[in-house]
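Structure file model22.cif (mmCIF, C-alpha atoms and all ligand atoms) follows.
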data_my_file
loop_
_atom_site.group_PDB
_atom_site.id
_atom_site.type_symbol
_atom_site.label_atom_id
_atom_site.label_comp_id
_atom_site.auth_asym_id
_atom_site.auth_seq_id
_atom_site.Cartn_x
_atom_site.Cartn_y
_atom_site.Cartn_z
ATOM 1 C CA MET A 199 -50.712 -15.370 84.505
ATOM 2 C CA ASP A 200 -48.697 -13.110 82.164
ATOM 3 C CA CYS A 201 -47.395 -14.788 79.023
ATOM 4 C CA ILE A 202 -44.965 -13.733 76.305
ATOM 5 C CA VAL A 203 -45.311 -15.554 72.979
ATOM 6 C CA LEU A 204 -42.461 -15.536 70.460
ATOM 7 C CA ILE A 205 -43.767 -15.293 66.934
ATOM 8 C CA LYS A 206 -41.796 -15.480 63.707
ATOM 9 C CA GLN A 207 -43.087 -14.316 60.330
ATOM 10 C CA VAL A 208 -42.159 -16.945 57.739
ATOM 11 C CA PRO A 209 -42.688 -17.475 53.989
ATOM 12 C CA ASP A 210 -45.833 -19.499 53.268
ATOM 13 C CA THR A 211 -43.901 -22.490 51.957
ATOM 14 C CA THR A 212 -41.696 -25.295 53.145
ATOM 15 C CA GLU A 213 -39.954 -25.337 49.752
ATOM 16 C CA VAL A 214 -37.617 -22.437 50.280
ATOM 17 C CA GLN A 215 -35.855 -21.196 47.115
ATOM 18 C CA LEU A 216 -32.383 -19.708 47.264
ATOM 19 C CA ASP A 217 -30.776 -17.176 44.961
ATOM 20 C CA PRO A 218 -27.790 -19.148 43.582
ATOM 21 C CA LYS A 219 -25.638 -15.988 43.339
ATOM 22 C CA THR A 220 -26.271 -14.378 46.751
ATOM 23 C CA GLY A 221 -27.350 -17.481 48.671
ATOM 24 C CA ASN A 222 -30.258 -15.452 50.102
ATOM 25 C CA LEU A 223 -33.836 -16.620 50.354
ATOM 26 C CA ILE A 224 -35.934 -15.489 47.376
ATOM 27 C CA ARG A 225 -38.816 -13.699 49.119
ATOM 28 C CA GLN A 226 -40.276 -12.084 45.990
ATOM 29 C CA GLY A 227 -43.818 -13.262 45.345
ATOM 30 C CA LEU A 228 -43.896 -15.272 48.571
ATOM 31 C CA LYS A 229 -46.784 -14.646 50.947
ATOM 32 C CA SER A 230 -45.749 -14.356 54.583
ATOM 33 C CA ILE A 231 -47.595 -16.041 57.417
ATOM 34 C CA MET A 232 -47.370 -16.597 61.167
ATOM 35 C CA ASN A 233 -45.108 -19.618 61.721
ATOM 36 C CA PRO A 234 -47.599 -22.505 62.206
ATOM 37 C CA ASP A 235 -46.173 -23.780 65.543
ATOM 38 C CA ASP A 236 -46.309 -20.202 66.903
ATOM 39 C CA ALA A 237 -50.072 -20.046 66.301
ATOM 40 C CA HIS A 238 -50.359 -23.088 68.608
ATOM 41 C CA ALA A 239 -48.127 -21.392 71.202
ATOM 42 C CA LEU A 240 -50.343 -18.301 71.043
ATOM 43 C CA GLU A 241 -53.504 -20.394 71.396
ATOM 44 C CA ALA A 242 -52.002 -22.067 74.485
ATOM 45 C CA ALA A 243 -51.227 -18.643 75.999
ATOM 46 C CA LEU A 244 -54.743 -17.364 75.217
ATOM 47 C CA ASN A 245 -56.179 -20.488 76.890
ATOM 48 C CA LEU A 246 -54.134 -19.741 80.029
ATOM 49 C CA LYS A 247 -55.435 -16.163 79.953
ATOM 50 C CA ASP A 248 -59.026 -17.479 79.648
ATOM 51 C CA ARG A 249 -58.456 -19.771 82.663
ATOM 52 C CA PHE A 250 -56.349 -17.618 84.974
ATOM 53 C CA GLY A 251 -56.552 -14.021 83.680
ATOM 54 C CA GLY A 252 -53.423 -11.956 83.041
ATOM 55 C CA LYS A 253 -52.134 -10.684 79.720
ATOM 56 C CA VAL A 254 -50.558 -12.056 76.562
ATOM 57 C CA THR A 255 -47.820 -10.089 74.804
ATOM 58 C CA VAL A 256 -46.327 -11.251 71.514
ATOM 59 C CA LEU A 257 -42.727 -10.564 70.485
ATOM 60 C CA SER A 258 -41.291 -10.789 66.994
ATOM 61 C CA MET A 259 -37.934 -9.903 65.484
ATOM 62 C CA GLY A 260 -37.942 -9.217 61.762
ATOM 63 C CA PRO A 261 -38.391 -6.620 59.043
ATOM 64 C CA SER A 262 -41.054 -3.916 59.475
ATOM 65 C CA GLN A 263 -43.682 -6.030 57.674
ATOM 66 C CA ALA A 264 -43.507 -8.537 60.554
ATOM 67 C CA ILE A 265 -45.976 -6.151 62.218
ATOM 68 C CA ASP A 266 -48.621 -8.062 60.232
ATOM 69 C CA VAL A 267 -48.192 -11.228 62.335
ATOM 70 C CA ILE A 268 -48.333 -9.105 65.495
ATOM 71 C CA SER A 269 -51.619 -7.550 64.279
ATOM 72 C CA GLU A 270 -52.931 -11.046 63.498
ATOM 73 C CA ALA A 271 -52.003 -12.168 67.036
ATOM 74 C CA ILE A 272 -53.822 -9.177 68.490
ATOM 75 C CA GLY A 273 -56.792 -10.115 66.296
ATOM 76 C CA MET A 274 -56.717 -13.573 67.906
ATOM 77 C CA GLY A 275 -56.749 -12.082 71.424
ATOM 78 C CA ALA A 276 -53.215 -10.999 72.393
ATOM 79 C CA ASP A 277 -53.191 -7.788 74.434
ATOM 80 C CA ALA A 278 -50.044 -6.176 73.062
ATOM 81 C CA GLY A 279 -47.065 -6.739 70.810
ATOM 82 C CA VAL A 280 -43.424 -5.783 70.463
ATOM 83 C CA LEU A 281 -41.647 -5.690 67.098
ATOM 84 C CA LEU A 282 -37.855 -5.734 67.126
ATOM 85 C CA THR A 283 -36.639 -4.228 63.906
ATOM 86 C CA ASP A 284 -33.308 -2.642 63.032
ATOM 87 C CA ARG A 285 -30.796 -3.013 60.195
ATOM 88 C CA ALA A 286 -28.314 -4.029 62.896
ATOM 89 C CA PHE A 287 -30.345 -7.211 63.531
ATOM 90 C CA ALA A 288 -29.986 -8.406 59.894
ATOM 91 C CA GLY A 289 -27.988 -11.542 59.151
ATOM 92 C CA ALA A 290 -28.365 -12.899 62.698
ATOM 93 C CA ASP A 291 -27.702 -16.585 63.306
ATOM 94 C CA THR A 292 -29.648 -18.390 66.046
ATOM 95 C CA TRP A 293 -27.184 -17.271 68.753
ATOM 96 C CA ALA A 294 -27.616 -13.564 67.904
ATOM 97 C CA THR A 295 -31.375 -13.958 67.325
ATOM 98 C CA SER A 296 -31.969 -15.616 70.700
ATOM 99 C CA PHE A 297 -29.737 -13.047 72.457
ATOM 100 C CA THR A 298 -31.707 -10.166 70.916
ATOM 101 C CA LEU A 299 -35.057 -11.726 71.840
ATOM 102 C CA ALA A 300 -33.832 -12.411 75.398
ATOM 103 C CA GLU A 301 -32.640 -8.819 75.864
ATOM 104 C CA ALA A 302 -36.026 -7.534 74.671
ATOM 105 C CA ILE A 303 -37.778 -9.866 77.134
ATOM 106 C CA ARG A 304 -35.619 -8.472 79.964
ATOM 107 C CA LYS A 305 -36.764 -4.993 78.977
ATOM 108 C CA MET A 306 -40.428 -6.073 78.790
ATOM 109 C CA GLY A 307 -40.412 -6.715 82.535
ATOM 110 C CA ARG A 308 -42.342 -9.242 84.620
ATOM 111 C CA TYR A 309 -43.760 -12.437 83.069
ATOM 112 C CA ASP A 310 -44.732 -15.918 84.206
ATOM 113 C CA LEU A 311 -44.343 -18.006 81.082
ATOM 114 C CA ILE A 312 -42.665 -17.654 77.671
ATOM 115 C CA LEU A 313 -44.171 -19.781 74.899
ATOM 116 C CA CYS A 314 -42.504 -20.499 71.532
ATOM 117 C CA GLY A 315 -43.239 -22.736 68.619
ATOM 118 C CA ARG A 316 -41.060 -25.834 68.526
ATOM 119 C CA GLN A 317 -39.625 -24.946 65.125
ATOM 120 C CA ALA A 318 -39.839 -22.357 62.357
ATOM 121 C CA ILE A 319 -40.717 -23.748 58.912
ATOM 122 C CA ASP A 320 -37.973 -21.717 57.177
ATOM 123 C CA GLY A 321 -34.908 -21.792 59.470
ATOM 124 C CA ASP A 322 -35.973 -25.163 60.881
ATOM 125 C CA THR A 323 -33.375 -25.337 63.662
ATOM 126 C CA ALA A 324 -35.666 -25.514 66.756
ATOM 127 C CA GLN A 325 -32.840 -23.768 68.644
ATOM 128 C CA ILE A 326 -34.397 -20.417 69.536
ATOM 129 C CA GLY A 327 -36.666 -21.559 72.397
ATOM 130 C CA PRO A 328 -33.957 -23.473 74.309
ATOM 131 C CA GLN A 329 -31.395 -20.710 73.678
ATOM 132 C CA VAL A 330 -33.713 -17.948 74.968
ATOM 133 C CA ALA A 331 -34.351 -20.033 78.119
ATOM 134 C CA ASP A 332 -30.607 -20.349 78.553
ATOM 135 C CA TRP A 333 -29.905 -16.619 78.157
ATOM 136 C CA LEU A 334 -32.605 -15.867 80.765
ATOM 137 C CA ASP A 335 -31.586 -18.761 83.037
ATOM 138 C CA LEU A 336 -35.104 -20.228 82.988
ATOM 139 C CA PRO A 337 -36.287 -23.830 83.332
ATOM 140 C CA GLN A 338 -37.585 -25.117 79.996
ATOM 141 C CA ALA A 339 -39.766 -27.865 78.554
ATOM 142 C CA THR A 340 -39.698 -28.573 74.816
ATOM 143 C CA TYR A 341 -42.180 -30.425 72.558
ATOM 144 C CA VAL A 342 -45.077 -29.649 74.938
ATOM 145 C CA PHE A 343 -48.499 -30.930 73.835
ATOM 146 C CA GLU A 344 -50.485 -30.305 77.036
ATOM 147 C CA ILE A 345 -50.421 -27.851 79.912
ATOM 148 C CA GLU A 346 -51.884 -29.999 82.652
ATOM 149 C CA ALA A 347 -51.888 -27.611 85.615
ATOM 150 C CA VAL A 348 -50.596 -24.353 87.009
ATOM 151 C CA GLN A 349 -50.653 -24.388 90.804
ATOM 152 C CA SER A 350 -48.668 -22.529 93.461
ATOM 153 C CA ARG A 351 -46.188 -21.242 90.845
ATOM 154 C CA LEU A 352 -45.644 -24.810 89.595
ATOM 155 C CA LEU A 353 -46.286 -25.649 85.953
ATOM 156 C CA THR A 354 -47.089 -29.241 84.962
ATOM 157 C CA VAL A 355 -46.795 -30.129 81.276
ATOM 158 C CA LYS A 356 -46.746 -33.188 79.057
ATOM 159 C CA ARG A 357 -44.079 -33.331 76.360
ATOM 160 C CA ARG A 358 -43.837 -35.612 73.345
ATOM 161 C CA LEU A 359 -40.961 -38.075 73.081
ATOM 162 C CA GLU A 360 -40.054 -40.268 70.128
ATOM 163 C CA ASP A 361 -41.698 -43.315 71.665
ATOM 164 C CA GLY A 362 -44.186 -41.869 74.149
ATOM 165 C CA SER A 363 -44.587 -38.885 76.417
ATOM 166 C CA GLU A 364 -43.224 -37.434 79.624
ATOM 167 C CA ARG A 365 -44.836 -35.425 82.446
ATOM 168 C CA LEU A 366 -42.669 -32.575 83.723
ATOM 169 C CA GLN A 367 -43.033 -30.061 86.494
ATOM 170 C CA CYS A 368 -41.115 -26.806 86.703
ATOM 171 C CA ARG A 369 -41.197 -23.605 88.670
ATOM 172 C CA LEU A 370 -42.427 -20.374 87.057
ATOM 173 C CA PRO A 371 -41.152 -18.285 85.384
ATOM 174 C CA ALA A 372 -40.325 -20.835 82.685
ATOM 175 C CA LEU A 373 -40.198 -21.314 78.917
ATOM 176 C CA ILE A 374 -41.970 -23.952 76.855
ATOM 177 C CA THR A 375 -41.865 -24.842 73.169
ATOM 178 C CA VAL A 376 -45.131 -26.096 71.761
ATOM 179 C CA ILE A 377 -46.046 -28.628 69.057
ATOM 180 C CA GLY A 378 -49.015 -28.653 66.691
ATOM 181 C CA GLU A 379 -50.990 -31.439 68.371
ATOM 182 C CA MET A 380 -51.531 -29.191 71.423
ATOM 183 C CA ASN A 381 -54.623 -27.330 70.200
ATOM 184 C CA THR A 382 -56.485 -25.737 67.312
ATOM 185 C CA PRO A 383 -55.666 -22.030 67.014
ATOM 186 C CA ARG A 384 -58.700 -19.738 67.073
ATOM 187 C CA PHE A 385 -59.500 -17.456 64.135
ATOM 188 C CA PRO A 386 -58.737 -13.733 64.500
ATOM 189 C CA ARG A 387 -61.811 -11.579 65.267
ATOM 190 C CA VAL A 388 -62.450 -9.036 62.523
ATOM 191 C CA ASP A 389 -63.118 -6.142 64.930
ATOM 192 C CA ARG A 390 -59.884 -6.785 66.848
ATOM 193 C CA LEU A 391 -57.951 -7.247 63.603
ATOM 194 C CA LEU A 392 -59.233 -3.958 62.166
ATOM 195 C CA GLY A 393 -58.484 -2.203 65.458
ATOM 196 C CA ALA A 394 -54.905 -3.510 65.430
ATOM 197 C CA CYS A 395 -54.392 -2.558 61.769
ATOM 198 C CA ARG A 396 -55.871 0.943 62.117
ATOM 199 C CA GLU A 397 -54.378 2.019 65.409
ATOM 200 C CA ARG A 398 -51.305 -0.196 65.794
ATOM 201 C CA ALA A 399 -51.750 1.146 69.322
ATOM 202 C CA PRO A 400 -50.782 -1.862 71.420
ATOM 203 C CA VAL A 401 -47.647 -2.467 69.303
ATOM 204 C CA ARG A 402 -44.284 -1.101 70.393
ATOM 205 C CA VAL A 403 -41.451 -0.982 67.850
ATOM 206 C CA TRP A 404 -37.957 -1.258 69.326
ATOM 207 C CA ASN A 405 -34.517 -0.986 67.758
ATOM 208 C CA ALA A 406 -31.097 -1.996 69.101
ATOM 209 C CA ALA A 407 -30.721 1.173 71.201
ATOM 210 C CA ASP A 408 -34.180 0.664 72.740
ATOM 211 C CA ILE A 409 -33.170 -2.712 74.169
ATOM 212 C CA GLY A 410 -29.693 -1.522 75.148
ATOM 213 C CA VAL A 411 -27.634 -3.809 72.904
ATOM 214 C CA LYS A 412 -24.519 -2.917 70.930
ATOM 215 C CA THR A 413 -24.281 -3.507 67.170
ATOM 216 C CA ARG A 414 -21.407 -5.952 67.686
ATOM 217 C CA GLN A 415 -23.645 -8.166 69.874
ATOM 218 C CA VAL A 416 -26.444 -8.595 67.330
ATOM 219 C CA GLY A 417 -27.070 -9.345 63.646
ATOM 220 C CA LEU A 418 -24.244 -10.602 61.451
ATOM 221 C CA GLU A 419 -21.573 -9.054 63.717
ATOM 222 C CA GLY A 420 -22.900 -10.811 66.806
ATOM 223 C CA SER A 421 -23.252 -14.179 65.060
ATOM 224 C CA LEU A 422 -20.956 -17.069 65.950
ATOM 225 C CA THR A 423 -21.713 -18.983 62.755
ATOM 226 C CA HIS A 424 -21.258 -17.745 59.226
ATOM 227 C CA VAL A 425 -22.793 -19.297 56.151
ATOM 228 C CA ILE A 426 -20.070 -20.101 53.607
ATOM 229 C CA ARG A 427 -22.368 -21.323 50.864
ATOM 230 C CA THR A 428 -26.048 -22.112 50.482
ATOM 231 C CA PHE A 429 -27.572 -24.166 47.696
ATOM 232 C CA ALA A 430 -30.721 -26.034 46.833
ATOM 233 C CA PRO A 431 -30.159 -29.779 46.268
ATOM 234 C CA LYS A 432 -30.099 -30.698 42.573
ATOM 235 C CA PHE A 433 -31.951 -33.793 41.482
ATOM 236 C CA LYS A 434 -29.831 -35.375 38.741
ATOM 237 C CA ARG A 435 -32.311 -38.107 37.829
ATOM 238 C CA GLU A 436 -35.671 -37.440 36.366
ATOM 239 C CA GLY A 437 -38.553 -39.787 37.215
ATOM 240 C CA LYS A 438 -40.839 -41.129 34.493
ATOM 241 C CA ILE A 439 -43.874 -43.342 34.959
ATOM 242 C CA LEU A 440 -44.396 -45.915 32.207
ATOM 243 C CA GLU A 441 -48.002 -46.570 31.253
ATOM 244 C CA GLY A 442 -49.606 -49.740 29.810
ATOM 245 C CA GLY A 443 -49.813 -53.472 30.493
ATOM 246 C CA LYS A 444 -47.067 -55.355 32.424
ATOM 247 C CA ALA A 445 -45.272 -56.825 29.369
ATOM 248 C CA GLN A 446 -45.456 -53.539 27.491
ATOM 249 C CA VAL A 447 -44.093 -51.605 30.455
ATOM 250 C CA VAL A 448 -41.200 -54.057 30.963
ATOM 251 C CA ARG A 449 -40.271 -53.938 27.243
ATOM 252 C CA GLU A 450 -40.304 -50.167 27.327
ATOM 253 C CA LEU A 451 -38.209 -50.218 30.513
ATOM 254 C CA ILE A 452 -35.628 -52.499 28.858
ATOM 255 C CA ARG A 453 -35.511 -50.317 25.776
ATOM 256 C CA LYS A 454 -34.877 -47.261 27.926
ATOM 257 C CA LEU A 455 -32.234 -49.083 29.972
ATOM 258 C CA LYS A 456 -30.442 -50.138 26.758
ATOM 259 C CA GLU A 457 -30.328 -46.519 25.700
ATOM 260 C CA SER A 458 -28.718 -45.610 28.979
ATOM 261 C CA GLU A 459 -25.520 -46.780 30.690
ATOM 262 C CA GLY A 460 -27.151 -49.857 32.227
ATOM 263 C CA ALA A 461 -27.046 -51.925 29.011
ATOM 264 C CA THR A 462 -25.095 -54.853 30.516
ATOM 265 C CA ALA A 463 -27.327 -55.089 33.565
ATOM 266 C CA CYS A 464 -30.282 -54.822 31.235
ATOM 267 C CA LYS A 465 -29.263 -57.884 29.187
ATOM 268 C CA ALA A 466 -29.006 -59.955 32.363
ATOM 269 C CA PHE A 467 -32.403 -58.677 33.486
ATOM 270 C CA ALA A 468 -34.003 -59.477 30.115
ATOM 271 C CA ALA A 469 -32.533 -63.016 30.208
ATOM 272 C CA THR A 470 -33.985 -63.607 33.679
ATOM 273 C CA CYS A 471 -37.405 -62.416 32.540
ATOM 274 C CA ARG A 472 -37.184 -64.422 29.282
ATOM 275 C CA LEU A 473 -38.222 -61.420 27.315
HETATM 276 C C1 LIG A 501 -24.961 -17.194 59.691
HETATM 277 C C2 LIG A 501 -26.434 -17.048 59.579
HETATM 278 C C3 LIG A 501 -26.937 -15.924 58.948
HETATM 279 C C4 LIG A 501 -28.318 -15.763 58.857
HETATM 280 N N1 LIG A 501 -28.780 -14.655 58.214
HETATM 281 C C5 LIG A 501 -30.096 -14.455 58.126
HETATM 282 C C6 LIG A 501 -30.630 -13.304 57.456
HETATM 283 O O1 LIG A 501 -29.887 -12.476 56.938
HETATM 284 N N2 LIG A 501 -31.976 -13.148 57.409
HETATM 285 C C7 LIG A 501 -32.810 -14.073 57.986
HETATM 286 O O2 LIG A 501 -34.047 -13.900 57.932
HETATM 287 N N3 LIG A 501 -32.340 -15.178 58.612
HETATM 288 C C8 LIG A 501 -31.016 -15.393 58.689
HETATM 289 N N4 LIG A 501 -30.545 -16.512 59.304
HETATM 290 C C9 LIG A 501 -31.500 -17.447 59.886
HETATM 291 C C10 LIG A 501 -31.858 -16.963 61.275
HETATM 292 O O3 LIG A 501 -30.743 -16.969 62.116
HETATM 293 C C11 LIG A 501 -32.901 -17.902 61.868
HETATM 294 O O4 LIG A 501 -34.034 -17.872 61.032
HETATM 295 C C12 LIG A 501 -33.309 -17.453 63.255
HETATM 296 O O5 LIG A 501 -32.223 -17.476 64.136
HETATM 297 C C13 LIG A 501 -34.374 -18.347 63.842
HETATM 298 O O6 LIG A 501 -33.981 -19.684 63.733
HETATM 299 P P1 LIG A 501 -35.017 -20.712 63.138
HETATM 300 O O7 LIG A 501 -35.678 -20.071 61.971
HETATM 301 O O8 LIG A 501 -34.327 -22.000 62.950
HETATM 302 O O9 LIG A 501 -36.108 -20.797 64.306
HETATM 303 P P2 LIG A 501 -36.443 -22.021 65.276
HETATM 304 O O10 LIG A 501 -35.406 -22.135 66.316
HETATM 305 O O11 LIG A 501 -36.791 -23.251 64.491
HETATM 306 O O12 LIG A 501 -37.759 -21.373 65.899
HETATM 307 C C14 LIG A 501 -38.337 -21.861 67.102
HETATM 308 C C15 LIG A 501 -39.267 -20.812 67.642
HETATM 309 O O13 LIG A 501 -38.528 -19.667 68.081
HETATM 310 C C16 LIG A 501 -39.296 -18.487 67.861
HETATM 311 N N5 LIG A 501 -38.599 -17.608 66.919
HETATM 312 C C17 LIG A 501 -37.672 -17.937 66.002
HETATM 313 N N6 LIG A 501 -37.256 -16.843 65.340
HETATM 314 C C18 LIG A 501 -37.947 -15.801 65.839
HETATM 315 C C19 LIG A 501 -37.987 -14.404 65.555
HETATM 316 N N7 LIG A 501 -37.212 -13.846 64.606
HETATM 317 N N8 LIG A 501 -38.837 -13.625 66.262
HETATM 318 C C20 LIG A 501 -39.627 -14.165 67.250
HETATM 319 N N9 LIG A 501 -39.631 -15.471 67.544
HETATM 320 C C21 LIG A 501 -38.805 -16.277 66.857
HETATM 321 C C22 LIG A 501 -40.641 -18.945 67.305
HETATM 322 O O14 LIG A 501 -41.525 -19.168 68.384
HETATM 323 C C23 LIG A 501 -40.282 -20.277 66.637
HETATM 324 O O15 LIG A 501 -41.370 -21.150 66.487
HETATM 325 C C24 LIG A 501 -29.186 -16.727 59.388
HETATM 326 C C25 LIG A 501 -28.661 -17.861 60.012
HETATM 327 C C26 LIG A 501 -27.313 -18.040 60.084
HETATM 328 C C27 LIG A 501 -26.785 -19.282 60.736
#

Let me see the file written as structure tokens.
Ligand SMILES: Cc1cc2nc3c(=O)[nH]c(=O)nc-3n(C[C@H](O)[C@H](O)[C@H](O)COP(=O)(O)OP(=O)(O)OC[C@H]3O[C@@H](n4cnc5c(N)ncnc54)[C@H](O)[C@@H]3O)c2cc1C
Amino acid sequence: MDCIVLIKQVPDTTEVQLDPKTGNLIRQGLKSIMNPDDAHALEAALNLKDRFGGKVTVLSMGPSQAIDVISEAIGMGADAGVLLTDRAFAGADTWATSFTLAEAIRKMGRYDLILCGRQAIDGDTAQIGPQVADWLDLPQATYVFEIEAVQSRLLTVKRRLEDGSERLQCRLPALITVIGEMNTPRFPRVDRLLGACRERAPVRVWNAADIGVKTRQVGLEGSLTHVIRTFAPKFKREGKILEGGKAQVVRELIRKLKESEGATACKAFAATCRL
């Protein structure tokens, strides 16, 4: 059973900060990690390898430092990795990202199952898995929390729905997106991690020419959507917790309301409370 796992390197935060001038993500000082859902996808692939044999290859598109998540995956038990990195890939929307990943997968050759995380904690769209399946014309199951069986080239999975779950069967090769409740990812083994960091041997680094794509098909040029403006939401109101006994807190609240625009409403409120 040969698996390909898509892994994205993401900032170690869900509170992404944007540069107000450029609209770009402020990466300075942010630690990068393996996207949490992708660790579950990798664990699921490693479990399949433990049960049925075969190999696990991880694939990531990103800047050169994304090699760190590939090394981490190899430390956890993946056999090999591919890093897609090229200036031409920069500024890709989900359409161009999924196209690039799909073209790399075509070049990687034979596989039985592609596993992705459901969602990346920075981009947050959950579009890449379904789009890659579409480019490769594969059956897909999203929100998978259990791989029940693999028999006679048929994959049976359970997927989470809003109000329950669903059992699906599809023919291999296929693509699944995985959610966190599926498993607990194993820790990387130090010897494997050191091996991956020292040798980088099982990691191939490919650029646009290596996967046979043209610059106009990838990155910003190949993107169908363009960001006009990005901004972090501004919170106009500031919260304040009043301390003390009930009567004291209400008096203080009324005083503060009188100071603000709500003076009329405040008088009515005070009358009701007989304060
Ligand atoms: C117009 C536009 C411009 C953009 N410009 C940039 C930019 O300059 N720089 C930038 O970093 N982002 C940019 N983005 C965001 C970028 O397109 C998305 O981060 C990317 O397409 C993945 O989408 P997502 O993060 O929502 O992943 P999701 O769809 O939420 O991810 C689901 C799963 O897909 C897999 N996956 C996702 N991305 C990758 C990847 N890169 N490699 C391997 N597996 C992956 C993982 O398994 C992940 O769990 C831009 C987006 C738009 C719309």

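If you apply the PyMOL selection byres (((chain A and resi 317) around 10) and not hetatm) to this structure, you end up with Lys206, Asn233, Pro234, Asp235, Asp236, Cys314, Gly315, Arg316, Ala318, Ile319, Asp320, Gly321, Asp322, Thr323, Ala324, Gln325, Ile326, Gly327, Tyr341, Thr375, Val376 and Ile377 of chain A.
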
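Distance check against ligand LIG 501 (chain A) using only C-alpha atoms and all ligand atoms: of A:Leu244, A:Leu451, A:Leu352, A:Leu257, the minimum falls on A:Leu257.
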
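The smallest atom-to-atom distance between ligand LIG 501 (chain A) and any of A:Met274, A:Ala430, A:Ile202, A:Leu313, using all atoms listed in the file, is found for A:Leu313.
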
Quick one: residues within 12 Å of Asn222 of chain A, all atoms listed in the file, excluding same-chain residues fewer than 2 positions away - as a VMD selection string?
chain A and resid 214 to 220 224 to 226 289 425 to 430

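Atom CA of Ile303 of chain A to atom C24 of ligand LIG 501 (chain A) spans 20.9 Å [interatomic distance, one decimal].
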
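We find atom CA of Pro371 of chain A and atom CA of Ala264 of chain A to be spaced 26.8 Å apart.
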
Once you count all atoms listed in the file, which residues end up no further than 10 Å from (-37.3, -7.7, 75.9) in the file's frame, shown as JSON, numbers by chain?
{"A": [202, 257, 280, 282, 297, 298, 299, 300, 301, 302, 303, 304, 305, 306, 307, 404, 408, 409, 410]}

What would the file look like if the residues just selected were written as a PDB file, keeping the file's coordinate frame with C-alpha atoms?
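And here's out.pdb as it stands now:
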ATOM      1  CA  ILE A 202     -44.965 -13.733  76.305  1.00  0.00           C
ATOM      2  CA  LEU A 257     -42.727 -10.564  70.485  1.00  0.00           C
ATOM      3  CA  VAL A 280     -43.424  -5.783  70.463  1.00  0.00           C
ATOM      4  CA  LEU A 282     -37.855  -5.734  67.126  1.00  0.00           C
ATOM      5  CA  PHE A 297     -29.737 -13.047  72.457  1.00  0.00           C
ATOM      6  CA  THR A 298     -31.707 -10.166  70.916  1.00  0.00           C
ATOM      7  CA  LEU A 299     -35.057 -11.726  71.840  1.00  0.00           C
ATOM      8  CA  ALA A 300     -33.832 -12.411  75.398  1.00  0.00           C
ATOM      9  CA  GLU A 301     -32.640  -8.819  75.864  1.00  0.00           C
ATOM     10  CA  ALA A 302     -36.026  -7.534  74.671  1.00  0.00           C
ATOM     11  CA  ILE A 303     -37.778  -9.866  77.134  1.00  0.00           C
ATOM     12  CA  ARG A 304     -35.619  -8.472  79.964  1.00  0.00           C
ATOM     13  CA  LYS A 305     -36.764  -4.993  78.977  1.00  0.00           C
ATOM     14  CA  MET A 306     -40.428  -6.073  78.790  1.00  0.00           C
ATOM     15  CA  GLY A 307     -40.412  -6.715  82.535  1.00  0.00           C
ATOM     16  CA  TRP A 404     -37.957  -1.258  69.326  1.00  0.00           C
ATOM     17  CA  ASP A 408     -34.180   0.664  72.740  1.00  0.00           C
ATOM     18  CA  ILE A 409     -33.170  -2.712  74.169  1.00  0.00           C
ATOM     19  CA  GLY A 410     -29.693  -1.522  75.148  1.00  0.00           C
TER      20      GLY A 410
END

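Atom pair atom CA of Asp310 of chain A / atom CA of Arg351 of chain A: separated by 8.6 Å.
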
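The residue that comes closest to Ala347 of chain A, out of A:Met259, A:Ser269, A:Arg249, A:Thr211 and on the basis of only C-alpha atoms, is A:Arg249.
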
Need to verify the contact set: Phe250 of chain A, 12 Å, all atoms listed in the file, exclusion of same-chain residues closer than 2 positions in sequence. Can you return it as a list in words?
Met199, Asp200, Cys201, Ala243, Leu244, Asn245, Leu246, Lys247, Asp248, Gly252, Lys253, Val254, Asp310, Ala347, Val348 and Gln349 of chain A

Just to be explicit: take each residue in the selection above, keep C-alpha atoms, and write the result as a compact mmCIF listing (two decimals), in the frame of the given file.
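After the write, part26.txt holds the following:
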# COMPACT_ATOMS: atom_id res chain seq x y z
CA MET A 199 -50.71 -15.37 84.50
CA ASP A 200 -48.70 -13.11 82.16
CA CYS A 201 -47.40 -14.79 79.02
CA ALA A 243 -51.23 -18.64 76.00
CA LEU A 244 -54.74 -17.36 75.22
CA ASN A 245 -56.18 -20.49 76.89
CA LEU A 246 -54.13 -19.74 80.03
CA LYS A 247 -55.44 -16.16 79.95
CA ASP A 248 -59.03 -17.48 79.65
CA GLY A 252 -53.42 -11.96 83.04
CA LYS A 253 -52.13 -10.68 79.72
CA VAL A 254 -50.56 -12.06 76.56
CA ASP A 310 -44.73 -15.92 84.21
CA ALA A 347 -51.89 -27.61 85.62
CA VAL A 348 -50.60 -24.35 87.01
CA GLN A 349 -50.65 -24.39 90.80

Would you compute, for all listed atoms of segment 293-307 of chain A, the axis-aligned bounding box grown by 6 Å on each side, and then report its centre and edge lengths in Å rounded to one decimal, as AutoDock Vina command-line options?
--center_x -33.8 --center_y -11.1 --center_z 74.9 --size_x 25.2 --size_y 24.3 --size_z 27.2

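The residues returned by the PyMOL selection byres (((chain A and resi 380) around 8) and not hetatm) for this structure are His238, Ala242, Val342, Phe343, Glu344, Val376, Ile377, Gly378, Glu379, Asn381 and Thr382 of chain A.
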
With C-alpha atoms retained, could you export that selection as an mmCIF file, in the frame of the given file?
data_model
loop_
_atom_site.group_PDB
_atom_site.id
_atom_site.type_symbol
_atom_site.label_atom_id
_atom_site.label_comp_id
_atom_site.auth_asym_id
_atom_site.auth_seq_id
_atom_site.Cartn_x
_atom_site.Cartn_y
_atom_site.Cartn_z
ATOM 1 C CA HIS A 238 -50.359 -23.088 68.608
ATOM 2 C CA ALA A 242 -52.002 -22.067 74.485
ATOM 3 C CA VAL A 342 -45.077 -29.649 74.938
ATOM 4 C CA PHE A 343 -48.499 -30.930 73.835
ATOM 5 C CA GLU A 344 -50.485 -30.305 77.036
ATOM 6 C CA VAL A 376 -45.131 -26.096 71.761
ATOM 7 C CA ILE A 377 -46.046 -28.628 69.057
ATOM 8 C CA GLY A 378 -49.015 -28.653 66.691
ATOM 9 C CA GLU A 379 -50.990 -31.439 68.371
ATOM 10 C CA ASN A 381 -54.623 -27.330 70.200
ATOM 11 C CA THR A 382 -56.485 -25.737 67.312
#
